[in-house]
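The block underneath contains the structure these notes are about, expressed in structure tokens.
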Amino acid sequence: MEALGQISTLHYLVLAAALFVLGVIGVLTRRNVVIILMSIELILNAVNLNLLAFSRLYGLHGQVFSIFVITDAAAEAAVGLGIIIAFFRNKETVNVDEVDLMKW
Amino acid sequence: MFFLDHIWLIPLFPAFGAAVMFFFGRKLQKQTVSIVCVGMVALSFLWACGAVWQYQGWAEANHHQPFQKVMFTWLGTDTGHMNYTTHDGTLAPFQADAGFLLDPLSAIWLLFVTGVGLLIHIYSTGYMAHEGGYYRFFGYLNLFMFSMLTLIMGNNYALMFVGWEGVGLCSYLLIGFYFHRPAASAAANKAFIVNRIGDAGFLLGMFTIAWYFGSLRYVDVNLLARSGHFNIGDPIITAATLLLFVGACGKSAQLPLYVWLPDAMEGPTPVSALIHAATMVTAGVYMVARSNALFVLAPTSMKTVAIVGALTAIFAASIGLVQNDIKRVLAYSTVSQLGYMFLALGVGAFAAGVFHVFTHAFFKALLFLGAGSVIHAMSGEQDMRNMGHLAKKIPTTYRTILIATLAIAGIPPFAGFFSKDEILWQTWSSEGGAYRILWLVGFITALMTAFYMFRLVFLTFYGKPRMDHEVEHHIHESPKSMTVPLVVLAVCAVCAGWLGWPHSLGGSNRFEHYLDPVFAREAQVFQEEGKEAQLVAGEKEEKHTNPLEYGLMFLSVAAAGVGFGLARRYYAAADKGYAEPIEQAAPPVYRTLQNKYYVDEAYDYVFTGRRKIGDVRLGAMGLGEASSWVDAKVIDGTVNGAGRITRLSGKISSWWDKWIIDGLLVNGLALITHPLSWFARLLQWGLVQWYALVMVVGLVGFVAYYAWR
């Protein structure tokens, strides 16, 4: 426990938090939808990391759950990329700030 | 009995000829056409002679009944499915036979129609030799013969009507034979339309008879009419006979429907001779004579017939005095002579009227054919002012026309003398002298007739030649095919009258005796029943040898002589620009006569509407114009008004929809909502990433709050 080289749960959580913050920043700041999608993947992976870290303490439920999340991410990527392609066909752009038709 | 049993063949021969012309005529040689058409009529004539000859023997054995031959039921059925209610409530079958009837009356018509028809067919082969449409002409002529024979041989009114319409159609077709000439086409239309007016009367009369007597067969109707069931002067019978007489007026060119006949001269001359002089125009006389049993029950109708006949006679004769077209003179003469016939029928002298039809058929056909020969010689010229001095150049034509003129003028012993004199005597003596004023009319007409006929002869054949040199050079006698019929007819025009040689001149009046079975019977019936006889046609009058008759006879011959003398005095030496005596004596009278009393003009004002009175059009076209006005202004106005009202209400409701429903309620609501929603709208600026940022900030905020609380 005292050894610096010892990797504790806290390390995982910090790494996950860092990944999460990177993902959030990516979602909020980038205009390209593809990048935003990639950032969302980062957020999901941060969550996965959290689940894995806690599974050290509380059993395998977290790991099982993270597999669900990966599946979900794959599905999300498929659907999201499909939407992006359909969108590009109509607007010839993938910039999210140009999607404002619903604005009053 | 061979001819009599196959009497139906008589009309079918010319029908066959007409059918051949219709289907193959275009491809046939002129010679073949002549052989077929003339041959068919010749067969008809021979067959008719045979049938009439056999009928004599048959009638002896059958109490002088009419001979009937019913081929089949043509209209209606025998089964009683087509019954109608007659005036007294009984049921009668609606039925008409395709049946033929032969009695002395139809026998006379049969013989002269086929006989004169045959001669005119032969004549036409010469007259029409150089005309186009040769086969068409003969096809029409044969069709006419078929229709005319149907008319006179039918055993009921319905079949007579079929023939009646058929001859009307053929008359139309033949008047309009030169259809490229507008005048001919207009004349054809006029003839057809005027005849339709008469035909309507015939139809109505026929329906009345069917309703009153329950049958259209002559035999049934006559039997009922002679049975004594009906009173003399029965109003229904009077109406029926008057309606029939309207039909006769149309077909036989009596006042006021005579106007078509003079115009009908636009047709080829043989047509004028056959249809508009000898045969078709006597159909009205035939119909009245055939209905004699009805007419004697209706004294009013008889009087009408007599008066109309006498007026027509003098009216047409006076127009004929001044006409210059050779065929028009003859046309008015025909109308006038038809008037004589109706005068005879009207005073009850049916046999005398039929006798005049018979003699008239020969001498008037001869006059027309002779006129055709003159026109032929004159290269188509019809105006007598441009003729003259033809007697030596076309001697056969001249002689035959002279005979016909003597006949029509009433010079003894030519045919017209006997028939005309019989009519005048019957008019004088019937009903105790009630008709003597009509005798005077007839007498003056006889004088006029002699005058205009001799005027025609003198202007055409005597005097100085008044034609162009070109025409004069070409004058030639007509070919044999034309002169032979003229000669045959001339012989008839001399001899036909001898059949009716009166008792007073030592004859036996065989013609009237022959007709006794048709006309004399009801007179006897009335006398036996003690009723006041409307007429006593046969027995009573014919054995007369009243000294007065010789006086009247002398008077009418003298009238003919005076007419001859006057015509000779004024026209015998007519040179170019000769003077018309009537024009010099009384110019207004001459103008009126020359314009035919302005009757055509009056009809144009009153009936046809081709002329206007001021701005108002009367008659059929006036009615059309008025209807058109009503349609345009009233009917269409109502329609347009309804349309305008609809459009106005549409406009109102559209305005309401646009401004009240859409504007106030829908858009107004939106307009109010719009400013109220301003604050809510601020939250929705549309950029997804901002929404995400808000969520993140909020999330961070919540987490921070719960972390540090």
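Ordering of the structure tokens sets the chain letters (A, B, ...); residue numbers start at 1 within each chain; ligands are numbered from 1 in the order shown.
Within 8 Å of chain A, chain B contributes the residues Arg681, Gln684, Trp685, Gly686, Leu687, Val688, Gln689, Trp690, Ala692 and Leu693 of chain B, using only C-alpha atoms.
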Let me see the file: selected residues, C-alpha atoms, as a PDB file, in the first residue's frame.
```
ATOM      1  CA  ARG B 681     -37.853  31.006 -27.176  1.00  0.00           C
ATOM      2  CA  GLN B 684     -34.049  27.254 -27.556  1.00  0.00           C
ATOM      3  CA  TRP B 685     -31.232  28.635 -29.575  1.00  0.00           C
ATOM      4  CA  GLY B 686     -30.591  25.465 -31.499  1.00  0.00           C
ATOM      5  CA  LEU B 687     -26.953  24.597 -30.959  1.00  0.00           C
ATOM      6  CA  VAL B 688     -26.727  21.068 -29.540  1.00  0.00           C
ATOM      7  CA  GLN B 689     -23.315  21.661 -28.017  1.00  0.00           C
ATOM      8  CA  TRP B 690     -24.622  24.518 -25.930  1.00  0.00           C
ATOM      9  CA  ALA B 692     -24.679  19.735 -23.731  1.00  0.00           C
ATOM     10  CA  LEU B 693     -22.662  22.451 -22.017  1.00  0.00           C
TER      11      LEU B 693
END
```
Test item: residues at most 12 Å from stretch 47-64 of chain A, only C-alpha atoms, excluding those fewer than 4 positions along its chain, as number ranges by chain: A: 7-21, 23, 40-43, 68-73
Next, the residues of the selection above should be written as an mmCIF file, in the first residue's frame with C-alpha atoms.
```
data_model
loop_
_atom_site.group_PDB
_atom_site.id
_atom_site.type_symbol
_atom_site.label_atom_id
_atom_site.label_comp_id
_atom_site.auth_asym_id
_atom_site.auth_seq_id
_atom_site.Cartn_x
_atom_site.Cartn_y
_atom_site.Cartn_z
ATOM 1 C CA ILE A 7 -1.428 0.891 -8.397
ATOM 2 C CA SER A 8 -4.535 1.524 -6.319
ATOM 3 C CA THR A 9 -8.190 1.974 -7.218
ATOM 4 C CA LEU A 10 -7.726 5.681 -6.903
ATOM 5 C CA HIS A 11 -5.363 5.692 -9.861
ATOM 6 C CA TYR A 12 -7.962 4.099 -12.039
ATOM 7 C CA LEU A 13 -10.569 6.600 -10.927
ATOM 8 C CA VAL A 14 -8.283 9.517 -11.610
ATOM 9 C CA LEU A 15 -7.427 8.162 -15.059
ATOM 10 C CA ALA A 16 -11.079 7.584 -15.757
ATOM 11 C CA ALA A 17 -11.966 11.091 -14.600
ATOM 12 C CA ALA A 18 -9.255 12.503 -16.845
ATOM 13 C CA LEU A 19 -10.592 10.540 -19.813
ATOM 14 C CA PHE A 20 -14.103 11.669 -19.022
ATOM 15 C CA VAL A 21 -13.095 15.295 -18.856
ATOM 16 C CA GLY A 23 -14.326 13.414 -23.704
ATOM 17 C CA ILE A 40 -18.507 10.181 -26.711
ATOM 18 C CA GLU A 41 -16.576 6.916 -27.074
ATOM 19 C CA LEU A 42 -13.960 8.382 -24.765
ATOM 20 C CA ILE A 43 -16.649 9.176 -22.198
ATOM 21 C CA PHE A 68 -22.747 -4.368 -22.163
ATOM 22 C CA VAL A 69 -21.440 -0.828 -22.445
ATOM 23 C CA ILE A 70 -18.963 -1.880 -25.181
ATOM 24 C CA THR A 71 -21.786 -3.573 -27.075
ATOM 25 C CA ASP A 72 -23.885 -0.491 -26.616
ATOM 26 C CA ALA A 73 -21.034 1.682 -27.884
#
```
Contacts of B:Gly139 at 9 Å (only C-alpha atoms; same-chain gap of 4+ positions) as a PyMOL selection string: chain B and resi 14-15+17-22+25+33+37+134-135+143-144
Can you pull out every residue within 10 Å of B:His376, counting only C-alpha atoms, but drop anything in the same chain fewer than 3 positions away, and send it as a list in words? Tyr127, Thr269, Gly370, Ala371, Gly372, Ser373, Ser379, Gly380, Glu381, Gln382, Ile475, His476, Glu477 and Ser478 of chain B
Give me, as a PyMOL selection string, all polymer residues having an atom no more than 8 Å from stretch 264-268 of chain B, counting only C-alpha atoms and skipping those fewer than 2 positions away in the same chain. chain B and resi 174-178+183-184+187-188+191+260-262+270-272+276+327-328+331
Mind writing the picked residues with N, CA and C atoms as a PDB file, in the first residue's frame?
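Result written to part13.pdb:
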```
ATOM      1  N   LEU B 174     -87.877  14.703-107.717  1.00  0.00           N
ATOM      2  CA  LEU B 174     -87.883  15.013-109.142  1.00  0.00           C
ATOM      3  C   LEU B 174     -87.955  16.511-109.400  1.00  0.00           C
ATOM      4  N   ILE B 175     -88.646  17.258-108.535  1.00  0.00           N
ATOM      5  CA  ILE B 175     -88.604  18.722-108.691  1.00  0.00           C
ATOM      6  C   ILE B 175     -87.169  19.188-108.520  1.00  0.00           C
ATOM      7  N   GLY B 176     -86.485  18.579-107.547  1.00  0.00           N
ATOM      8  CA  GLY B 176     -85.097  18.959-107.295  1.00  0.00           C
ATOM      9  C   GLY B 176     -84.115  18.141-108.117  1.00  0.00           C
ATOM     10  N   PHE B 177     -84.578  17.623-109.272  1.00  0.00           N
ATOM     11  CA  PHE B 177     -83.682  16.766-110.063  1.00  0.00           C
ATOM     12  C   PHE B 177     -82.441  17.533-110.489  1.00  0.00           C
ATOM     13  N   TYR B 178     -82.638  18.783-110.922  1.00  0.00           N
ATOM     14  CA  TYR B 178     -81.471  19.624-111.239  1.00  0.00           C
ATOM     15  C   TYR B 178     -81.035  20.328-109.965  1.00  0.00           C
ATOM     16  N   ALA B 183     -82.808  27.436-107.596  1.00  0.00           N
ATOM     17  CA  ALA B 183     -84.261  27.599-107.731  1.00  0.00           C
ATOM     18  C   ALA B 183     -84.956  26.242-107.658  1.00  0.00           C
ATOM     19  N   ALA B 184     -84.360  25.222-108.316  1.00  0.00           N
ATOM     20  CA  ALA B 184     -84.972  23.893-108.300  1.00  0.00           C
ATOM     21  C   ALA B 184     -84.967  23.323-106.898  1.00  0.00           C
ATOM     22  N   ALA B 187     -87.542  25.079-104.851  1.00  0.00           N
ATOM     23  CA  ALA B 187     -88.895  24.657-105.229  1.00  0.00           C
ATOM     24  C   ALA B 187     -89.204  23.286-104.649  1.00  0.00           C
ATOM     25  N   ALA B 188     -88.196  22.404-104.666  1.00  0.00           N
ATOM     26  CA  ALA B 188     -88.405  21.061-104.104  1.00  0.00           C
ATOM     27  C   ALA B 188     -88.718  21.154-102.618  1.00  0.00           C
ATOM     28  N   ALA B 191     -92.267  22.506-102.159  1.00  0.00           N
ATOM     29  CA  ALA B 191     -93.286  21.483-102.418  1.00  0.00           C
ATOM     30  C   ALA B 191     -93.388  20.533-101.233  1.00  0.00           C
ATOM     31  N   TRP B 260     -97.119  25.579-103.988  1.00  0.00           N
ATOM     32  CA  TRP B 260     -95.949  24.793-104.387  1.00  0.00           C
ATOM     33  C   TRP B 260     -95.996  24.368-105.845  1.00  0.00           C
ATOM     34  N   LEU B 261     -97.207  24.230-106.398  1.00  0.00           N
ATOM     35  CA  LEU B 261     -97.318  23.614-107.729  1.00  0.00           C
ATOM     36  C   LEU B 261     -96.693  24.459-108.833  1.00  0.00           C
ATOM     37  N   PRO B 262     -96.964  25.774-108.894  1.00  0.00           N
ATOM     38  CA  PRO B 262     -96.285  26.550-109.953  1.00  0.00           C
ATOM     39  C   PRO B 262     -94.766  26.477-109.849  1.00  0.00           C
ATOM     40  N   PRO B 270     -91.136  16.150-118.325  1.00  0.00           N
ATOM     41  CA  PRO B 270     -91.930  14.916-118.191  1.00  0.00           C
ATOM     42  C   PRO B 270     -92.441  14.736-116.766  1.00  0.00           C
ATOM     43  N   VAL B 271     -91.638  15.187-115.784  1.00  0.00           N
ATOM     44  CA  VAL B 271     -92.071  15.102-114.390  1.00  0.00           C
ATOM     45  C   VAL B 271     -93.293  15.975-114.175  1.00  0.00           C
ATOM     46  N   SER B 272     -93.235  17.202-114.717  1.00  0.00           N
ATOM     47  CA  SER B 272     -94.394  18.083-114.595  1.00  0.00           C
ATOM     48  C   SER B 272     -95.619  17.425-115.194  1.00  0.00           C
ATOM     49  N   HIS B 276     -97.137  16.424-111.756  1.00  0.00           N
ATOM     50  CA  HIS B 276     -97.780  17.674-111.385  1.00  0.00           C
ATOM     51  C   HIS B 276     -98.894  18.060-112.335  1.00  0.00           C
ATOM     52  N   LYS B 327     -94.538  26.815-119.163  1.00  0.00           N
ATOM     53  CA  LYS B 327     -94.880  25.793-118.190  1.00  0.00           C
ATOM     54  C   LYS B 327     -95.690  26.356-117.033  1.00  0.00           C
ATOM     55  N   ARG B 328     -95.462  27.631-116.704  1.00  0.00           N
ATOM     56  CA  ARG B 328     -96.221  28.226-115.603  1.00  0.00           C
ATOM     57  C   ARG B 328     -97.680  28.416-115.986  1.00  0.00           C
ATOM     58  N   ALA B 331     -99.076  25.223-115.408  1.00  0.00           N
ATOM     59  CA  ALA B 331     -99.166  24.909-113.980  1.00  0.00           C
ATOM     60  C   ALA B 331    -100.411  25.543-113.374  1.00  0.00           C
TER      61      ALA B 331
END
```
Could you find all residues in stretch 454-663 of chain B that DSSP calls helix (DSSP H, G or I) from the backbone, and write them as JSON, numbers by chain? {"B": [454, 455, 456, 457, 458, 459, 460, 461, 469, 470, 471, 472, 473, 474, 480, 481, 482, 483, 484, 485, 486, 487, 488, 489, 490, 491, 492, 493, 494, 495, 496, 497, 498, 499, 500, 503, 504, 505, 510, 511, 512, 513, 514, 515, 516, 517, 518, 519, 520, 521, 522, 523, 524, 525, 526, 527, 528, 539, 540, 541, 542, 547, 548, 549, 550, 551, 552, 553, 554, 555, 556, 557, 558, 559, 560, 561, 562, 563, 564, 565, 566, 567, 568, 569, 570, 571, 581, 582, 583, 584, 585, 587, 588, 589, 590, 591, 592, 593, 594, 596, 597, 598, 599, 600, 601, 602, 603, 604, 605, 606, 607, 608, 619, 620, 621, 622, 623, 624, 625, 626, 627, 628, 629, 630, 631, 632, 633, 634, 635, 636, 637, 638, 639, 640, 641, 642, 643, 644, 645, 646, 647, 648, 649, 650, 651, 652, 653, 654, 655, 656, 657, 658, 659, 660, 661, 662, 663]}
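Counting from atom CA of B:Leu110, the distance to atom CA of B:Thr334 is 20.3 Å.
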Would you mind telling me which residue in B:Met448, B:Leu369, B:Leu440, B:Ala560 lies nearest to B:Tyr332 when using only C-alpha atoms? B:Met448
Could you name the residues that touch stretch 494-511 of chain B at 10 Å or less, counting only C-alpha atoms, but leaving out those on the same chain fewer than 4 positions away, as a PyMOL selection string? chain B and resi 104+108+351-352+354-356+358-363+403-404+406-407+412-422+489-490+515-516+542-547+549-550
Close residues, A:Thr93 itself excluded, 12 Å, only C-alpha atoms, min 5 positions apart in chain, as a PDB file with C-alpha atoms, in the first residue's frame:
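File part.pdb, as written:
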```pdb
ATOM      1  CA  ARG A  31     -17.779  21.020 -34.513  1.00  0.00           C
ATOM      2  CA  ASN A  32     -17.237  17.849 -36.489  1.00  0.00           C
ATOM      3  CA  VAL A  33     -19.830  15.242 -35.598  1.00  0.00           C
ATOM      4  CA  VAL A  34     -17.382  12.412 -36.193  1.00  0.00           C
ATOM      5  CA  ILE A  84     -24.027  11.130 -40.126  1.00  0.00           C
ATOM      6  CA  ILE A  85     -23.923   9.670 -43.640  1.00  0.00           C
ATOM      7  CA  ALA A  86     -27.626  10.435 -44.213  1.00  0.00           C
ATOM      8  CA  PHE A  87     -27.035  13.880 -42.867  1.00  0.00           C
ATOM      9  CA  PHE A  88     -24.047  14.466 -45.122  1.00  0.00           C
ATOM     10  CA  GLU A  98     -24.945  24.094 -39.061  1.00  0.00           C
ATOM     11  CA  VAL A  99     -27.705  21.795 -37.870  1.00  0.00           C
TER      12      VAL A  99
END
```
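Restricting the calculation to only C-alpha atoms, the smallest distance between A:Ile67 and any of A:Leu22, A:Leu44, A:Met38, A:Val94 is found for A:Leu44.
Between atom CA of B:Tyr123 and atom CA of B:Val285 the interatomic distance comes to 26.0 Å.
Note that the spacing between atom CA of B:Tyr172 and atom CA of B:Val305 amounts to 26.1 Å.
Closest approach to B:Glu580 among B:Ser34, B:Gln594, B:Ser336, B:Ser430 is made by B:Gln594 (distances from only C-alpha atoms).
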